[in-house]
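> My structure is stored as query_7.txt, with compact mmCIF, C-alpha atoms and all ligand atoms.
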```txt
# COMPACT_ATOMS: atom_id res chain seq x y z
CA MET A 1 71.41 124.03 108.97
CA THR A 2 73.91 122.60 111.47
CA ALA A 3 73.05 123.02 115.17
CA THR A 4 75.24 125.26 117.28
CA CYS A 5 78.09 123.59 119.18
CA ASN A 6 78.65 125.05 122.65
CA VAL A 7 82.34 125.34 123.47
CA VAL A 8 84.08 126.02 126.79
CA VAL A 9 87.79 126.92 126.62
CA LEU A 10 90.19 126.40 129.53
CA ILE A 11 93.34 128.52 129.71
CA SER A 12 96.18 129.40 132.07
CA GLY A 13 98.09 132.10 130.23
CA SER A 14 98.43 134.33 127.20
CA GLY A 15 95.64 132.68 125.26
CA SER A 16 96.95 133.24 121.75
CA ASN A 17 95.30 129.96 120.74
CA LEU A 18 92.11 131.18 122.39
CA GLN A 19 92.36 134.32 120.25
CA ALA A 20 92.65 132.23 117.10
CA LEU A 21 89.57 130.25 118.16
CA ILE A 22 87.64 133.45 118.90
CA ASP A 23 88.63 134.94 115.53
CA SER A 24 87.49 131.81 113.70
CA GLN A 25 83.91 132.13 114.93
CA GLY A 26 81.40 133.41 112.43
CA ALA A 27 78.11 132.82 110.71
CA ASP A 28 79.45 129.85 108.73
CA ASN A 29 80.95 128.16 111.78
CA PRO A 30 78.62 126.31 114.20
CA ALA A 31 81.14 126.56 117.09
CA ARG A 32 80.24 129.13 119.76
CA ILE A 33 82.59 129.81 122.68
CA ARG A 34 80.23 130.20 125.65
CA ALA A 35 82.81 130.66 128.41
CA VAL A 36 86.53 130.92 129.05
CA ILE A 37 87.78 129.55 132.36
CA SER A 38 91.24 130.14 133.79
CA ASN A 39 92.94 128.64 136.83
CA ARG A 40 95.08 131.79 137.03
CA PRO A 41 93.34 135.11 137.75
CA GLU A 42 96.07 137.09 135.92
CA ALA A 43 95.90 135.08 132.67
CA PHE A 44 95.88 137.53 129.75
CA GLY A 45 93.50 135.27 127.87
CA LEU A 46 90.73 136.38 130.23
CA GLN A 47 91.05 139.89 128.79
CA ARG A 48 90.93 138.54 125.27
CA ALA A 49 87.67 136.74 126.09
CA ALA A 50 86.15 139.77 127.82
CA THR A 51 87.04 141.96 124.83
CA ALA A 52 85.18 139.49 122.61
CA GLY A 53 82.15 139.63 124.93
CA ILE A 54 82.62 136.06 126.17
CA GLU A 55 81.85 135.13 129.78
CA THR A 56 84.98 134.61 131.87
CA ARG A 57 85.43 132.64 135.08
CA VAL A 58 88.36 131.92 137.36
CA VAL A 59 88.73 128.67 139.27
CA ASP A 60 92.01 129.19 141.12
CA HIS A 61 93.69 125.86 141.85
CA LYS A 62 95.47 127.42 144.84
CA ALA A 63 92.13 127.77 146.63
CA PHE A 64 91.63 123.99 146.75
CA ALA A 65 93.10 121.30 148.99
CA GLY A 66 93.96 118.98 146.11
CA ARG A 67 93.46 117.93 142.52
CA GLU A 68 90.14 116.15 143.11
CA GLU A 69 88.60 119.18 144.82
CA PHE A 70 89.88 121.54 142.14
CA ASP A 71 88.60 119.37 139.30
CA ALA A 72 85.19 119.02 140.98
CA ALA A 73 84.85 122.80 141.18
CA LEU A 74 86.08 123.18 137.61
CA MET A 75 83.58 120.61 136.31
CA ALA A 76 80.75 122.41 138.10
CA VAL A 77 81.61 125.69 136.36
CA ILE A 78 82.12 124.00 132.99
CA ASP A 79 78.78 122.19 133.23
CA GLU A 80 76.90 125.45 133.84
CA HIS A 81 77.57 126.10 130.15
CA ALA A 82 76.39 122.69 128.90
CA PRO A 83 79.36 122.26 126.56
CA ASP A 84 79.36 119.99 123.52
CA LEU A 85 83.11 120.51 123.40
CA VAL A 86 85.75 121.46 125.99
CA ILE A 87 89.00 122.87 124.61
CA LEU A 88 92.27 123.02 126.57
CA ALA A 89 94.25 125.97 125.20
CA GLY A 90 97.43 126.27 127.22
CA PHE A 91 95.74 124.95 130.36
CA MET A 92 98.66 124.04 132.56
CA ARG A 93 97.08 121.63 135.05
CA ILE A 94 97.08 117.87 134.93
CA LEU A 95 93.50 116.68 135.01
CA THR A 96 92.13 113.80 137.11
CA ALA A 97 90.85 110.60 135.53
CA GLY A 98 87.34 111.54 136.62
CA PHE A 99 87.55 114.82 134.72
CA VAL A 100 88.87 113.16 131.57
CA ARG A 101 86.14 110.48 131.72
CA ARG A 102 83.39 113.06 132.16
CA TYR A 103 84.31 114.84 128.93
CA ALA A 104 85.48 111.77 127.00
CA GLY A 105 85.14 112.29 123.26
CA ARG A 106 84.51 116.02 123.66
CA LEU A 107 87.81 117.15 125.18
CA LEU A 108 90.60 118.47 122.94
CA ASN A 109 94.15 119.61 123.71
CA ILE A 110 96.93 121.11 121.62
CA HIS A 111 100.51 119.98 122.08
CA PRO A 112 103.65 121.48 120.49
CA SER A 113 105.07 118.34 118.90
CA LEU A 114 104.32 115.72 116.29
CA LEU A 115 102.68 113.26 118.65
CA PRO A 116 103.28 110.49 119.50
CA LEU A 117 106.80 111.99 119.45
CA TYR A 118 107.87 114.32 122.27
CA ARG A 119 105.16 114.14 124.84
CA GLY A 120 105.66 116.38 127.88
CA LEU A 121 107.47 119.69 128.24
CA ASP A 122 110.30 121.50 126.45
CA THR A 123 109.55 119.94 123.08
CA HIS A 124 111.38 122.53 120.92
CA HIS A 125 114.73 122.09 122.69
CA ARG A 126 114.43 118.32 122.57
CA VAL A 127 113.63 118.34 118.85
CA LEU A 128 116.69 120.51 118.12
CA ALA A 129 118.94 118.40 120.35
CA ASP A 130 117.87 115.31 118.39
CA ASN A 131 118.51 117.02 115.02
CA GLN A 132 115.01 116.19 113.84
CA PRO A 133 114.28 117.29 110.27
CA GLU A 134 110.64 118.03 111.13
CA HIS A 135 108.60 119.37 114.01
CA GLY A 136 105.09 120.69 114.49
CA CYS A 137 102.00 120.55 116.66
CA SER A 138 99.07 118.24 117.24
CA VAL A 139 95.45 118.63 118.28
CA HIS A 140 94.39 115.47 120.07
CA PHE A 141 91.49 114.04 122.01
CA VAL A 142 92.36 113.88 125.69
CA THR A 143 92.50 110.49 127.37
CA GLU A 144 93.87 109.46 130.75
CA GLU A 145 97.32 109.03 129.19
CA LEU A 146 99.12 112.40 129.28
CA ASP A 147 99.59 113.73 125.71
CA GLY A 148 98.64 110.22 124.62
CA GLY A 149 95.12 110.54 123.21
CA PRO A 150 94.24 110.00 119.52
CA VAL A 151 95.55 112.75 117.26
CA ALA A 152 92.98 114.66 115.18
CA ILE A 153 95.11 117.15 113.22
CA GLN A 154 98.82 117.76 112.93
CA ALA A 155 100.77 120.57 111.24
CA VAL A 156 104.25 119.51 110.10
CA ILE A 157 107.01 122.05 109.46
CA PRO A 158 110.58 121.47 108.31
CA VAL A 159 113.24 122.44 110.85
CA ALA A 160 115.25 125.14 109.08
CA PRO A 161 119.07 125.37 109.12
CA GLY A 162 120.21 127.59 112.00
CA GLU A 163 116.88 127.21 113.75
CA THR A 164 116.76 128.17 117.45
CA ALA A 165 114.28 127.14 120.10
CA GLU A 166 112.85 130.67 119.91
CA SER A 167 112.32 130.63 116.15
CA LEU A 168 110.87 127.15 116.33
CA THR A 169 108.51 128.18 119.13
CA ALA A 170 107.20 131.07 117.04
CA ARG A 171 106.78 128.97 113.90
CA VAL A 172 105.02 126.15 115.74
CA HIS A 173 102.76 128.63 117.52
CA ALA A 174 101.66 130.08 114.18
CA GLU A 175 100.69 126.58 113.05
CA GLU A 176 98.78 125.98 116.30
CA HIS A 177 96.69 129.00 115.40
CA ARG A 178 95.76 127.34 112.09
CA ILE A 179 94.97 123.82 113.23
CA TYR A 180 93.10 124.48 116.49
CA PRO A 181 90.34 126.54 114.82
CA LEU A 182 90.13 123.87 112.13
CA ALA A 183 89.68 121.13 114.73
CA MET A 184 87.02 123.16 116.57
CA ARG A 185 85.14 123.75 113.32
CA TRP A 186 85.33 120.13 112.16
CA PHE A 187 84.12 118.93 115.56
CA ALA A 188 81.29 121.48 115.58
CA GLU A 189 80.25 120.41 112.09
CA GLY A 190 80.11 116.80 113.24
CA ARG A 191 82.96 115.81 110.93
CA LEU A 192 85.53 115.07 113.67
CA ARG A 193 84.77 112.39 116.26
CA LEU A 194 86.51 110.04 118.63
CA GLY A 195 85.90 106.47 117.48
CA GLU A 196 86.82 103.05 118.89
CA GLN A 197 90.05 102.90 116.88
CA GLY A 198 91.09 106.55 117.08
CA ALA A 199 90.08 109.96 115.84
CA MET A 200 87.65 109.89 112.91
CA LEU A 201 87.15 112.44 110.15
CA ASP A 202 84.12 112.16 107.88
CA GLY A 203 83.49 108.62 109.09
CA GLU A 204 87.03 107.34 108.42
CA THR A 205 89.50 106.46 111.16
CA LEU A 206 92.58 108.69 110.89
CA PRO A 207 96.15 107.36 111.13
CA ALA A 208 98.04 107.73 114.44
CA THR A 209 99.38 111.09 113.24
CA GLY A 210 95.88 112.42 112.53
CA TYR A 211 95.03 114.53 109.50
CA GLN A 212 98.36 116.05 108.48
CA LEU A 213 98.87 119.52 107.08
CA ARG A 214 102.37 119.85 105.62
CA ILE A 215 103.75 123.34 105.42
C1 LIG B 301 100.87 126.39 123.36
O1 LIG B 301 102.19 126.33 122.97
C2 LIG B 301 100.28 125.01 123.44
O2 LIG B 301 100.88 124.12 122.56
C3 LIG B 301 100.56 124.60 124.84
O3 LIG B 301 100.43 125.77 125.58
C4 LIG B 301 100.71 126.90 124.77
C5 LIG B 301 99.59 127.88 124.91
O4 LIG B 301 99.87 129.13 124.33
N1 LIG B 301 99.66 123.55 125.23
P1 LIG B 301 98.77 130.26 124.32
O5 LIG B 301 98.37 130.57 125.75
O6 LIG B 301 97.61 129.78 123.51
O7 LIG B 301 99.44 131.43 123.69
```
For this file, write the structure as structure tokens.

Amino acid sequence: MTATCNVVVLISGSGSNLQALIDSQGADNPARIRAVISNRPEAFGLQRAATAGIETRVVDHKAFAGREEFDAALMAVIDEHAPDLVILAGFMRILTAGFVRRYAGRLLNIHPSLLPLYRGLDTHHRVLADNQPEHGCSVHFVTEELDGGPVAIQAVIPVAPGETAESLTARVHAEEHRIYPLAMRWFAEGRLRLGEQGAMLDGETLPATGYQLRI
């Protein structure tokens, strides 16, 4: 039997990815979400967690003098839960190098683009403006380079004729809800790891685009 994997999820907003992670928990999945932490007290995701009986905490960035102080407080709360894995699910703060180093190899983020393409914000508009035939989302290990860490899993969707930023946002979001639970499960099962050369699945180094699911 696989040992349980303690997970802490950080959010800032709606938490639809958090919901997908919560819903994916079960007897056959070793991942257990022990706490959900938000930097915004009004984040709807906190209600989702509470409804699921998961401990919620707020570490409000506005209560701290700067990034270092905020991250120190955040790390203290995270470490109370002894996480094997820390998941960023719409957590809208840039983390300090010290934070990223502390959770190196056990810190995942989801980004709405086919990394390494379109790091940063407003990815859907930029993809449409460039007439890209494909778009998608990526789960990646977090490193000190923003949106630059090794990709674990990617969902690729074709950009449909007449697509708008709104329709693309909705379609990409639906794919996020498929690949994030998969990444959490694979990590919890010990199948997904961060290696020297990149993300590794079942002992093999993945390509720069990670494990790709094509829709
Ligand atoms: C997602 O689009 C994710 O790619 C980005 O933040 C958003 C979070 O959405 N990092 P939600 O709060 O999970 O609904």
> Considering only C-alpha atoms, can you say which of A:Leu206, A:Val127, A:Ile157, A:Ala49 comes closest to Asn17 of chain A?
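Residue with the minimum atom-to-atom distance to Asn17 of chain A: A:Ala49.
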> Show which residues sit within 6 Å of Val9 of chain A, as a PyMOL selection string. Count all atoms listed in the file, and ignore same-chain residues fewer than 4 positions away.
chain A and resi 36+86-88
> In the coordinates of the file, take the point (97.8, 118.9, 114.8) and a cut-off of 6 Å; then, counting all atoms listed in the file, name each qualifying protein, DNA or RNA residue as a ChimeraX atom specification.
/A:137-139,153-155,179
> Give me a file of those residues, with C-alpha atoms, as an mmCIF file, keeping the file's coordinate frame.

```
data_model
loop_
_atom_site.group_PDB
_atom_site.id
_atom_site.type_symbol
_atom_site.label_atom_id
_atom_site.label_comp_id
_atom_site.auth_asym_id
_atom_site.auth_seq_id
_atom_site.Cartn_x
_atom_site.Cartn_y
_atom_site.Cartn_z
ATOM 1 C CA CYS A 137 102.000 120.550 116.660
ATOM 2 C CA SER A 138 99.070 118.240 117.240
ATOM 3 C CA VAL A 139 95.450 118.630 118.280
ATOM 4 C CA ILE A 153 95.110 117.150 113.220
ATOM 5 C CA GLN A 154 98.820 117.760 112.930
ATOM 6 C CA ALA A 155 100.770 120.570 111.240
ATOM 7 C CA ILE A 179 94.970 123.820 113.230
#
```
> Considering all atoms listed in the file, tabulate each residue of segment 91-189 of chain A that lies at most 12 Å from segment 194-199 of chain A along with its nearest interatomic pair and the corresponding distance in Å to one decimal; arrange the rows by chain and ascending residue number and present them as CSV.

```
residue,atom,partner,partner_atom,distance
A:Tyr103,CA,A:Leu194,CA,11.6
A:Ala104,CA,A:Leu194,CA,8.6
A:Gly105,CA,A:Leu194,CA,5.3
A:Arg106,CA,A:Leu194,CA,8.1
A:Leu107,CA,A:Leu194,CA,9.8
A:Leu108,CA,A:Leu194,CA,10.3
A:Val139,CA,A:Ala199,CA,10.5
A:His140,CA,A:Ala199,CA,8.2
A:Phe141,CA,A:Leu194,CA,7.2
A:Val142,CA,A:Leu194,CA,9.9
A:Thr143,CA,A:Leu194,CA,10.6
A:Gly148,CA,A:Gly198,CA,11.3
A:Gly149,CA,A:Gly198,CA,8.4
A:Pro150,CA,A:Gly198,CA,5.3
A:Val151,CA,A:Ala199,CA,6.3
A:Ala152,CA,A:Ala199,CA,5.6
A:Ile153,CA,A:Ala199,CA,9.2
A:Ala183,CA,A:Ala199,CA,11.2
A:Trp186,CA,A:Ala199,CA,11.8
A:Phe187,CA,A:Leu194,CA,9.7
```
> State, in Å with one decimal place, the distance from atom C4 of ligand LIG 301 (chain B) to atom CA of Leu115 of chain A.
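Spanning atom C4 of ligand LIG 301 (chain B) to atom CA of Leu115 of chain A is a straight-line distance of 15.1 Å.
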> Considering all atoms listed in the file, return as a PyMOL selection string whatever protein or nucleic-acid residues lie within 8 Å of segment 90-97 of chain A, sequence-local ones (same chain, fewer than 3 positions apart) excluded.
chain A and resi 10-13+15+17+38-39+67-68+71+100-101+110+144
> Given only C-alpha atoms as the basis, pick out the residue of A:Ser113, A:Leu85, A:Pro158, A:Ala188 nearest to Thr209 of chain A.
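Among A:Ser113, A:Leu85, A:Pro158, A:Ala188, it is A:Ser113 that comes nearest to Thr209 of chain A.
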> May I ask for the distance between atom CA of Gly162 of chain A and atom CA of Leu128 of chain A, given in Å to one decimal place?
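Straight-line distance from atom CA of Gly162 of chain A to atom CA of Leu128 of chain A works out to 10.0 Å.
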